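Report on one structure; see the data block that follows.
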Amino acid sequence: VPPERVEHCRALVREASTLLVLGSSLTVMSGLRFVRQAAQAGHPVLIVNRDPTRGDRHAVTRIALPLGTALTTLAGRLGIPVDEGDARTG
């Protein structure tokens, strides 16, 4: 990952109040570094992923569902229509 892109992402994490991870195992450092940065700064980290991730110990909340299922459920609770033909639940 180009250093300029990493620094831009670090700046975004510094400015964020919360970090939301969607559908990533965080097996590569490029994503995990931002989870660690947010947690060290005291920002809540929320993770939505079917399987455990390398960032779970930094998360204040972890939703263990496939991403499609989690987002479709959230959309339904918010009253946002979802075309079921486009939703992936696995």
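Here, A, B, ... name the chains of the structure tokens in the order displayed, residue numbers run from 1 inside each chain, and ligands are numbered from 1 in the same displayed order.
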
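For chain A, backbone-based DSSP assignment of strand (DSSP E or B) covers Leu19, Leu20, Val21, Leu22, Val45, Leu46, Ile47, Val48, Thr61, Arg62 and Ile63 of chain A.
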
Applying 9 Å and only C-alpha atoms, which residues near segment 58-70 of chain A remain after dropping the ones on its own chain fewer than 2 positions away? List them as a list in words.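 The neighbour list is Leu22, Gly23, Val35, Arg36, Ala38, Ala39, Gln40, Pro44, Val45, Leu46, Ile47, Val48, Asn49, Arg50, Asp51, Pro52, Arg54, Gly55, Asp56, Thr72, Thr73, Leu74, Ala75, Ala87, Arg88, Thr89 and Gly90 of chain A.
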
Could you give me, as an NGL selection string, the residues within 7 Å of Leu26 of chain A, counting only C-alpha atoms and dropping anything in the same chain fewer than 2 positions from it? :A and (24 or 28 or 31-32 or 53-55)

Preceding selection exported with C-alpha atoms as a PDB file, in the first residue's frame:
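Here's the written file again06.pdb:
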ATOM      1  CA  SER A  24     -12.895  -8.417   6.808  1.00  0.00           C
ATOM      2  CA  VAL A  28      -3.321  -8.503   6.609  1.00  0.00           C
ATOM      3  CA  GLY A  31      -6.439  -3.228   7.802  1.00  0.00           C
ATOM      4  CA  LEU A  32      -5.419  -4.326  11.274  1.00  0.00           C
ATOM      5  CA  THR A  53     -10.861 -11.713  13.097  1.00  0.00           C
ATOM      6  CA  ARG A  54      -7.427 -10.619  14.232  1.00  0.00           C
ATOM      7  CA  GLY A  55      -9.006  -7.402  15.484  1.00  0.00           C
TER       8      GLY A  55
END

Using Å and a single decimal, report how far atom CA of Ala41 of chain A sits from atom CA of Ala11 of chain A. 12.2 Å

Quote the spacing between atom CA of Glu7 of chain A and atom CA of Leu19 of chain A in Å to one decimal place.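 These atoms are spaced 16.1 Å apart.
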
One number please: atom CA of Ser25 of chain A to atom CA of Ile80 of chain A, in Å, one decimal. 27.1 Å
